[in-house]
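The structure file data_33.txt is reproduced below (compact mmCIF, C-alpha atoms).
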```txt
# COMPACT_ATOMS: atom_id res chain seq x y z
CA MET B 21 139.90 40.96 -48.16
CA LEU B 22 138.35 42.78 -45.20
CA TYR B 23 134.82 41.48 -45.55
CA THR B 24 135.20 37.76 -46.33
CA GLU B 25 133.22 36.84 -43.20
CA GLU B 26 130.54 39.49 -43.75
CA ARG B 27 127.58 39.01 -46.02
CA TYR B 28 126.18 42.52 -45.57
CA LEU B 29 127.89 45.89 -45.45
CA ASN B 30 128.56 47.92 -42.34
CA PRO B 31 126.27 51.00 -42.38
CA TYR B 32 128.64 52.84 -40.03
CA THR B 33 131.19 53.11 -42.84
CA ASP B 34 131.01 56.12 -45.12
CA PHE B 35 130.47 53.91 -48.17
CA GLY B 36 127.81 51.82 -46.43
CA PHE B 37 125.82 54.80 -45.20
CA LYS B 38 125.86 56.49 -48.61
CA LYS B 39 124.98 53.22 -50.37
CA LEU B 40 121.83 52.76 -48.29
CA PHE B 41 120.64 56.33 -47.76
CA GLY B 42 122.56 58.69 -50.00
CA THR B 43 121.42 57.85 -53.54
CA PRO B 44 118.14 58.55 -55.37
CA LEU B 45 118.04 54.85 -56.31
CA ASN B 46 117.49 53.97 -52.65
CA LYS B 47 115.42 56.93 -51.54
CA ASP B 48 112.61 54.56 -50.56
CA LEU B 49 114.89 53.29 -47.78
CA LEU B 50 115.49 56.81 -46.49
CA ILE B 51 111.78 57.66 -46.69
CA SER B 52 110.88 54.59 -44.63
CA PHE B 53 113.60 55.37 -42.07
CA LEU B 54 112.49 58.99 -41.63
CA ASN B 55 108.83 58.08 -41.34
CA ALA B 56 109.72 55.51 -38.68
CA LEU B 57 111.56 58.18 -36.67
CA LEU B 58 108.75 60.69 -37.04
CA ASP B 59 106.23 58.03 -35.93
CA GLY B 60 103.41 59.32 -38.10
CA LYS B 61 103.67 62.95 -36.94
CA GLU B 62 104.97 64.01 -40.36
CA VAL B 63 104.56 61.78 -43.41
CA VAL B 64 107.30 61.89 -46.04
CA SER B 65 105.94 60.53 -49.31
CA ASP B 66 108.76 61.69 -51.59
CA LEU B 67 112.27 63.14 -51.32
CA THR B 68 114.57 65.12 -53.56
CA TYR B 69 118.32 64.97 -52.91
CA LEU B 70 120.06 68.33 -52.65
CA ASN B 71 123.68 69.45 -52.88
CA GLY B 72 125.30 68.43 -49.60
CA GLU B 73 127.90 71.22 -49.69
CA GLN B 74 126.60 74.44 -48.16
CA LEU B 75 128.60 77.65 -48.54
CA GLY B 76 128.54 80.61 -46.18
CA ALA B 77 127.27 84.03 -47.17
CA GLY B 78 130.81 85.34 -47.70
CA ILE B 79 134.02 83.86 -49.04
CA GLU B 80 135.56 83.85 -45.55
CA ASP B 81 132.57 82.13 -43.91
CA ARG B 82 132.63 78.51 -42.82
CA ARG B 83 130.92 75.95 -45.00
CA ALA B 84 129.07 72.76 -44.13
CA ILE B 85 129.11 69.39 -45.88
CA PHE B 86 126.20 67.09 -45.05
CA ASP B 87 126.26 63.30 -45.36
CA VAL B 88 122.71 63.36 -46.77
CA TYR B 89 120.68 66.49 -47.52
CA CYS B 90 117.22 66.35 -49.06
CA GLU B 91 113.74 67.87 -49.00
CA ASN B 92 110.27 66.36 -49.02
CA GLU B 93 107.32 67.24 -51.20
CA LYS B 94 106.34 70.09 -48.83
CA GLY B 95 109.75 71.74 -49.10
CA GLU B 96 110.86 70.72 -45.62
CA LYS B 97 114.60 70.07 -45.36
CA PHE B 98 116.26 66.97 -43.86
CA ILE B 99 119.91 66.67 -42.81
CA VAL B 100 120.84 63.05 -42.04
CA GLU B 101 124.29 62.29 -40.64
CA MET B 102 126.15 59.26 -39.33
CA GLN B 103 128.35 60.49 -36.48
CA LYS B 104 131.01 57.84 -35.89
CA ALA B 105 132.89 59.43 -33.00
CA GLU B 106 132.15 61.89 -30.26
CA GLN B 107 133.60 65.32 -30.85
CA GLN B 108 133.97 68.52 -28.91
CA TYR B 109 131.06 70.95 -29.38
CA PHE B 110 128.92 68.34 -31.15
CA LYS B 111 125.66 70.10 -30.23
CA ASP B 112 127.02 73.43 -31.42
CA ARG B 113 127.91 71.83 -34.74
CA SER B 114 124.39 70.42 -35.13
CA VAL B 115 122.82 73.83 -34.54
CA PHE B 116 125.31 75.51 -36.89
CA TYR B 117 124.58 73.01 -39.65
CA ALA B 118 120.83 73.48 -39.21
CA SER B 119 121.26 77.20 -39.83
CA PHE B 120 122.22 76.64 -43.49
CA PRO B 121 118.86 75.25 -44.70
CA ILE B 122 117.17 78.02 -42.71
CA GLN B 123 119.20 80.81 -44.29
CA GLU B 124 118.90 79.46 -47.83
CA GLN B 125 115.12 79.93 -47.63
CA GLY B 126 115.54 83.70 -47.44
CA LYS B 127 114.24 85.57 -50.48
CA ARG B 128 115.53 88.87 -51.78
CA GLY B 129 113.29 91.89 -52.00
CA ASN B 130 110.51 93.27 -49.84
CA GLY B 131 107.89 90.72 -50.79
CA TRP B 132 109.08 87.91 -48.52
CA ASP B 133 107.14 87.56 -45.25
CA PHE B 134 109.73 85.33 -43.47
CA GLU B 135 107.62 82.18 -43.63
CA LEU B 136 109.94 79.16 -43.27
CA LYS B 137 109.63 75.48 -44.05
CA GLY B 138 110.54 72.94 -41.41
CA VAL B 139 114.14 71.78 -40.92
CA TYR B 140 115.01 68.38 -39.46
CA THR B 141 118.47 67.26 -38.36
CA VAL B 142 118.83 63.51 -37.79
CA GLY B 143 122.00 62.30 -36.07
CA ILE B 144 122.78 58.58 -35.92
CA LEU B 145 125.38 58.53 -33.14
CA ASN B 146 127.90 55.76 -32.63
CA PHE B 147 128.47 57.09 -29.10
CA VAL B 148 126.45 58.23 -26.10
CA PHE B 149 126.18 61.77 -24.81
CA PRO B 150 128.74 62.39 -22.06
CA ASP B 151 128.11 63.02 -18.37
CA ASP B 152 125.10 60.67 -18.22
CA GLU B 153 122.85 63.30 -19.79
CA TYR B 154 120.20 60.66 -20.50
CA SER B 155 119.33 57.40 -18.76
CA GLU B 156 120.77 54.13 -20.03
CA ASP B 157 117.48 53.02 -21.61
CA CYS B 158 116.78 56.35 -23.36
CA TYR B 159 118.31 56.31 -26.86
CA HIS B 160 115.83 58.27 -29.04
CA HIS B 161 115.70 62.04 -28.50
CA GLU B 162 113.53 64.60 -30.30
CA ILE B 163 114.42 68.20 -29.46
CA LYS B 164 112.51 71.37 -30.35
CA LEU B 165 112.52 74.97 -29.10
CA MET B 166 110.48 74.91 -25.88
CA ASP B 167 109.10 77.41 -23.39
CA THR B 168 110.94 76.56 -20.16
CA GLU B 169 108.07 77.71 -17.94
CA ASP B 170 105.07 75.78 -19.20
CA LYS B 171 107.02 73.26 -21.37
CA HIS B 172 105.01 73.79 -24.56
CA VAL B 173 106.75 73.69 -27.95
CA PHE B 174 107.37 77.32 -28.82
CA TYR B 175 108.58 76.69 -32.40
CA ASP B 176 107.83 73.42 -34.16
CA LYS B 177 109.68 73.95 -37.45
CA LEU B 178 113.16 73.18 -36.12
CA THR B 179 113.66 69.59 -34.99
CA PHE B 180 116.75 67.69 -33.89
CA ILE B 181 116.53 63.89 -33.65
CA TYR B 182 119.42 62.02 -32.08
CA LEU B 183 119.83 58.24 -31.85
CA GLU B 184 122.35 56.97 -29.29
CA MET B 185 122.98 53.68 -31.05
CA PRO B 186 125.17 51.98 -28.40
CA LYS B 187 122.17 52.06 -26.05
CA PHE B 188 119.90 50.15 -28.42
CA ASN B 189 120.12 46.51 -27.35
CA LYS B 190 116.75 45.03 -28.32
CA THR B 191 116.77 41.48 -29.66
CA GLU B 192 114.84 40.36 -32.72
CA ALA B 193 112.06 39.01 -30.48
CA GLN B 194 111.65 42.44 -28.85
CA LEU B 195 111.12 44.39 -32.08
CA GLU B 196 107.68 45.99 -32.17
CA THR B 197 107.68 49.28 -34.10
CA MET B 198 109.24 50.22 -37.44
CA MET B 199 111.71 52.39 -35.54
CA ASP B 200 112.75 49.32 -33.52
CA LYS B 201 113.33 47.43 -36.72
CA TRP B 202 115.34 50.19 -38.38
CA LEU B 203 117.58 50.65 -35.35
CA PHE B 204 118.08 46.88 -35.13
CA VAL B 205 119.21 46.85 -38.77
CA LEU B 206 121.62 49.76 -38.33
CA ARG B 207 123.11 48.23 -35.18
CA ASN B 208 123.43 44.63 -36.43
CA LEU B 209 123.46 44.56 -40.24
CA SER B 210 127.12 43.66 -40.74
CA ARG B 211 126.82 40.79 -38.22
CA LEU B 212 123.82 39.14 -39.86
CA MET B 213 124.04 36.25 -42.31
CA GLU B 214 120.40 36.38 -43.46
CA ARG B 215 117.36 38.63 -43.20
CA PRO B 216 115.68 38.07 -39.79
CA ALA B 217 112.12 36.77 -39.77
CA ALA B 218 110.97 39.91 -37.93
CA LEU B 219 112.02 42.08 -40.89
CA GLN B 220 109.65 40.89 -43.56
CA GLU B 221 108.46 44.28 -44.79
CA ARG B 222 109.21 44.96 -48.47
CA VAL B 223 111.52 47.87 -47.62
CA PHE B 224 113.82 45.55 -45.66
CA LYS B 225 113.91 43.07 -48.53
CA ARG B 226 115.17 45.96 -50.66
CA LEU B 227 117.67 47.00 -48.01
CA PHE B 228 119.22 43.55 -47.66
CA GLU B 229 119.51 43.27 -51.45
CA GLN B 230 121.34 46.60 -51.61
CA ALA B 231 123.54 45.75 -48.62
CA GLU B 232 124.71 42.35 -49.86
CA ILE B 233 128.43 42.61 -50.56
CA GLY B 234 128.34 39.75 -53.07
CA ARG B 235 126.19 41.90 -55.38
CA PHE B 236 128.72 44.75 -55.50
CA THR B 237 130.59 45.64 -58.65
CA GLN B 238 134.38 45.44 -58.54
CA GLU B 239 134.56 49.21 -58.12
CA GLU B 240 132.04 49.11 -55.27
CA ARG B 241 134.04 46.36 -53.56
CA ARG B 242 137.18 48.47 -53.67
CA GLY B 243 135.31 51.50 -52.35
CA TYR B 244 133.79 49.50 -49.53
CA GLU B 245 137.11 47.93 -48.58
CA ASP B 246 138.76 51.37 -48.36
CA SER B 247 135.86 52.62 -46.24
CA VAL B 248 136.11 49.67 -43.85
CA LYS B 249 139.85 50.27 -43.40
CA VAL B 250 139.20 53.88 -42.44
CA TYR B 251 136.37 52.95 -40.08
CA ARG B 252 138.43 50.30 -38.29
CA ASP B 253 141.38 52.65 -38.01
CA LEU B 254 139.07 55.25 -36.49
CA ILE B 255 137.75 52.75 -33.92
CA ASN B 256 141.29 51.68 -32.98
CA VAL B 257 142.40 55.28 -32.48
CA MET B 258 139.28 56.02 -30.42
CA ASN B 259 139.93 53.04 -28.16
CA THR B 260 143.59 54.00 -27.73
CA ALA B 261 142.75 57.62 -26.92
CA THR B 262 140.08 56.53 -24.45
CA ARG B 263 142.53 54.22 -22.65
CA LYS B 264 145.05 57.06 -22.49
CA GLY B 265 142.36 59.35 -21.11
CA ILE B 266 141.41 56.85 -18.43
CA THR B 267 145.05 56.38 -17.41
CA GLN B 268 145.66 60.11 -17.28
CA GLY B 269 142.42 60.61 -15.36
CA ARG B 270 143.45 58.07 -12.75
CA GLU B 271 146.84 59.72 -12.36
CA GLU B 272 145.29 63.14 -11.97
CA GLY B 273 142.71 61.65 -9.64
CA ARG B 274 145.36 60.98 -7.01
CA GLU B 275 145.79 64.73 -6.67
CA GLN B 276 142.36 66.24 -7.38
CA GLY B 277 139.91 63.46 -6.62
CA LEU B 278 139.40 60.30 -8.67
CA LYS B 279 136.00 61.22 -10.10
CA GLU B 280 136.98 64.67 -11.36
CA GLY B 281 140.36 63.48 -12.57
CA LEU B 282 138.84 60.61 -14.53
CA LYS B 283 136.26 62.91 -16.08
CA GLU B 284 138.94 65.39 -17.19
CA GLY B 285 141.13 62.61 -18.55
CA LEU B 286 138.30 61.15 -20.59
CA LYS B 287 137.51 64.58 -22.01
CA MET B 288 141.11 65.05 -23.11
CA GLY B 289 141.12 61.57 -24.64
CA ARG B 290 137.99 62.29 -26.68
CA GLU B 291 139.39 65.57 -27.97
CA ALA B 292 142.57 63.84 -29.12
CA VAL B 293 140.70 61.25 -31.20
CA SER B 294 139.54 63.46 -34.05
CA HIS B 295 142.90 65.14 -34.60
CA GLU B 296 144.90 61.93 -34.40
CA ILE B 297 142.78 60.05 -36.94
CA ALA B 298 142.69 63.13 -39.21
CA GLU B 299 146.47 63.35 -39.21
CA ARG B 300 146.78 59.64 -40.03
CA MET B 301 144.33 59.90 -42.90
CA LYS B 302 146.09 62.99 -44.25
CA LEU B 303 149.39 61.13 -44.34
CA GLN B 304 147.72 58.23 -46.16
CA GLY B 305 146.44 60.52 -48.90
CA PHE B 306 142.73 60.61 -48.08
CA ARG B 307 140.68 63.49 -49.43
CA SER B 308 139.88 66.35 -47.05
CA ASP B 309 136.15 65.76 -47.47
CA ASP B 310 136.49 62.09 -46.48
CA ILE B 311 138.51 63.10 -43.42
CA ARG B 312 135.86 65.67 -42.50
CA ARG B 313 133.09 63.10 -42.75
CA LEU B 314 134.83 60.56 -40.54
CA THR B 315 136.24 62.86 -37.87
CA GLY B 316 133.69 65.65 -37.68
CA LEU B 317 136.39 68.29 -37.87
CA PRO B 318 135.59 71.48 -39.82
CA ILE B 319 136.81 71.24 -43.41
CA GLU B 320 138.97 74.36 -42.89
CA GLU B 321 140.75 72.69 -39.96
CA VAL B 322 141.32 69.50 -41.96
CA GLU B 323 142.86 71.41 -44.84
CA GLN B 324 145.30 73.12 -42.47
CA LEU B 325 146.73 69.82 -41.16
```

Take the structure in the file and write it out as structure tokens.
Amino acid sequence: MLYTEERYLNPYTDFGFKKLFGTPLNKDLLISFLNALLDGKEVVSDLTYLNGEQLGAGIEDRRAIFDVYCENEKGEKFIVEMQKAEQQYFKDRSVFYASFPIQEQGKRGNGWDFELKGVYTVGILNFVFPDDEYSEDCYHHEIKLMDTEDKHVFYDKLTFIYLEMPKFNKTEAQLETMMDKWLFVLRNLSRLMERPAALQERVFKRLFEQAEIGRFTQEERRGYEDSVKVYRDLINVMNTATRKGITQGREEGREQGLKEGLKEGLKMGREAVSHEIAERMKLQGFRSDDIRRLTGLPIEEVEQL
């Protein structure tokens, strides 16, 4: 068994993420998490889960499949995704995905005045943005459309929230806010053997009950075990590709400068990760949608492998 030494599930697995955040039974967990990220600026009191598969306007258009897609009581849309590996054009993908809940608000006829509800994209990233875009201690990013001259928010109904999880290293003693506590849980849940004293809120009692592997049904255990296998395979392929990228970067660095060569090698290593793991999963009989979720590749590209 893969999880004999673990008491609680790994939320970075597809099964684990969906178990905690992707079912109406546990929507109170998702509500608490979103409110913690929004820090009181927008209060979510209720959520309705929506169909996570979004189709384009035409049959030839690309489609999007969200990990979790829901709306609050005000009709504002929330896309919540666990991004397990860095991928090329990640920001482009986030913007593209956010366009679907915008377009679906359009109403036919002449009576619609173009008023839109807010759209939030939340990305839980198991990687850091490349090229040192943010400082080492900056892991929570909230992005809106901004006027570049006077820096005011030009449009406040489109929000992207990114969490660079590898940067979050607070200990239990350092947890102060609800966001601290949620990020601590996401980063450390599978390594814990009991609920920490700092996490005494009722919502965390519920979370640890839902995350306890010993409470799973036999079917849930099988599903979790399969998900852990895929996650660990993904991590191994990522590490291998990164090592190859570093080696290639060093070799190229002898000719074009170590820094630039290493940077180019790392880029090539990252780009190889998604395709390599997708090909492995395809050979092992995984569904295209599962491959898409774990690699970030477009569903059309996965189906062509």

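Residue nearest Leu29 of chain B, chosen from B:Val64, B:Val248, B:Val223, B:Val88 and counting all atoms listed in the file: B:Val248.
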
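Each of B:Leu45, B:His172, B:Leu317, B:Tyr28 was checked against Tyr109 of chain B using all atoms listed in the file; the smallest atom-to-atom distance is that of B:Leu317.
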
Excluding Lys47 of chain B and any residue of its chain fewer than 4 positions from it, enumerate the residues within 10 Å of it, using only C-alpha atoms, and give them as a compact mmCIF listing (two decimals) with C-alpha atoms, keeping the file's coordinate frame.
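Result file is result34.txt:
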```txt
# COMPACT_ATOMS: atom_id res chain seq x y z
CA LEU B 40 121.83 52.76 -48.29
CA PHE B 41 120.64 56.33 -47.76
CA GLY B 42 122.56 58.69 -50.00
CA THR B 43 121.42 57.85 -53.54
CA ILE B 51 111.78 57.66 -46.69
CA SER B 52 110.88 54.59 -44.63
CA PHE B 53 113.60 55.37 -42.07
CA ASP B 66 108.76 61.69 -51.59
CA LEU B 67 112.27 63.14 -51.32
CA THR B 68 114.57 65.12 -53.56
CA TYR B 69 118.32 64.97 -52.91
CA CYS B 90 117.22 66.35 -49.06
```

To box segment 154-173 of chain B, take all atoms listed in the file, fit an axis-aligned box, add 6 Å on each side, and give centre and edge lengths in Å to one decimal, as JSON.
```
{"center_x": 112.9, "center_y": 65.4, "center_z": -24.1, "size_x": 27.8, "size_y": 36.7, "size_z": 24.4}
```

**Request:** Could you please give me, as an MDAnalysis selection string, the residues of protein, DNA or RNA lying at most 12 Å from (118.5, 34.6, -45.8) in the coordinate frame of the file, considering only C-alpha atoms?
**Result:** chainID B and resid 27:28 212:217 219:220 224:225 228:229 232

**Request:** Mind checking which residues fall within 9 Å of segment 179-187 of chain B, counting all atoms listed in the file, ignoring those fewer than 5 positions away in the same chain, and posting them as a count of residues only?
**Result:** 29

Would you list the contacts of Lys39 of chain B as a PDB file with C-alpha atoms, in the coordinates of the input, taking every protein, DNA or RNA residue within 12 Å and counting all atoms listed in the file, but skipping same-chain residues closer than 4 positions in sequence?
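Contents of the output file part.pdb:
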```pdb
ATOM      1  CA  TYR B  28     126.180  42.520 -45.570  1.00  0.00           C
ATOM      2  CA  LEU B  29     127.890  45.890 -45.450  1.00  0.00           C
ATOM      3  CA  ASN B  30     128.560  47.920 -42.340  1.00  0.00           C
ATOM      4  CA  PRO B  31     126.270  51.000 -42.380  1.00  0.00           C
ATOM      5  CA  TYR B  32     128.640  52.840 -40.030  1.00  0.00           C
ATOM      6  CA  THR B  33     131.190  53.110 -42.840  1.00  0.00           C
ATOM      7  CA  ASP B  34     131.010  56.120 -45.120  1.00  0.00           C
ATOM      8  CA  PHE B  35     130.470  53.910 -48.170  1.00  0.00           C
ATOM      9  CA  THR B  43     121.420  57.850 -53.540  1.00  0.00           C
ATOM     10  CA  PRO B  44     118.140  58.550 -55.370  1.00  0.00           C
ATOM     11  CA  LEU B  45     118.040  54.850 -56.310  1.00  0.00           C
ATOM     12  CA  ASN B  46     117.490  53.970 -52.650  1.00  0.00           C
ATOM     13  CA  LYS B  47     115.420  56.930 -51.540  1.00  0.00           C
ATOM     14  CA  LEU B  49     114.890  53.290 -47.780  1.00  0.00           C
ATOM     15  CA  LEU B  50     115.490  56.810 -46.490  1.00  0.00           C
ATOM     16  CA  ASP B  87     126.260  63.300 -45.360  1.00  0.00           C
ATOM     17  CA  VAL B  88     122.710  63.360 -46.770  1.00  0.00           C
ATOM     18  CA  LEU B 227     117.670  47.000 -48.010  1.00  0.00           C
ATOM     19  CA  PHE B 228     119.220  43.550 -47.660  1.00  0.00           C
ATOM     20  CA  GLU B 229     119.510  43.270 -51.450  1.00  0.00           C
ATOM     21  CA  GLN B 230     121.340  46.600 -51.610  1.00  0.00           C
ATOM     22  CA  ALA B 231     123.540  45.750 -48.620  1.00  0.00           C
ATOM     23  CA  GLU B 232     124.710  42.350 -49.860  1.00  0.00           C
ATOM     24  CA  ILE B 233     128.430  42.610 -50.560  1.00  0.00           C
ATOM     25  CA  PHE B 236     128.720  44.750 -55.500  1.00  0.00           C
ATOM     26  CA  GLU B 240     132.040  49.110 -55.270  1.00  0.00           C
ATOM     27  CA  ARG B 241     134.040  46.360 -53.560  1.00  0.00           C
ATOM     28  CA  GLY B 243     135.310  51.500 -52.350  1.00  0.00           C
ATOM     29  CA  TYR B 244     133.790  49.500 -49.530  1.00  0.00           C
ATOM     30  CA  SER B 247     135.860  52.620 -46.240  1.00  0.00           C
TER      31      SER B 247
END
```

**Prompt:** In Å to one decimal, how far is atom CA of Arg300 of chain B from atom CA of Leu325 of chain B?
**Reply:**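 Taking atom CA of Leu325 of chain B as the start and atom CA of Arg300 of chain B as the end point, the length is 10.2 Å.
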
**Atomic distance atom CA of Glu73 of chain B - atom CA of Met102 of chain B, expressed in Å with one decimal** = 15.9 Å

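Distances to Met301 of chain B were evaluated for B:Leu58, B:Ala193, B:Val250, B:Ile319 using all atoms listed in the file, and the minimum falls at B:Val250.
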
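Reported to one decimal place, the separation of atom CA of Ile297 of chain B from atom CA of Leu254 of chain B is 6.1 Å.
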
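Minimum atom-to-atom distances from B:Phe134, B:Asn208, B:Tyr175, B:Asp59 to Asn189 of chain B were compared using only C-alpha atoms, and the lowest value belongs to B:Asn208.
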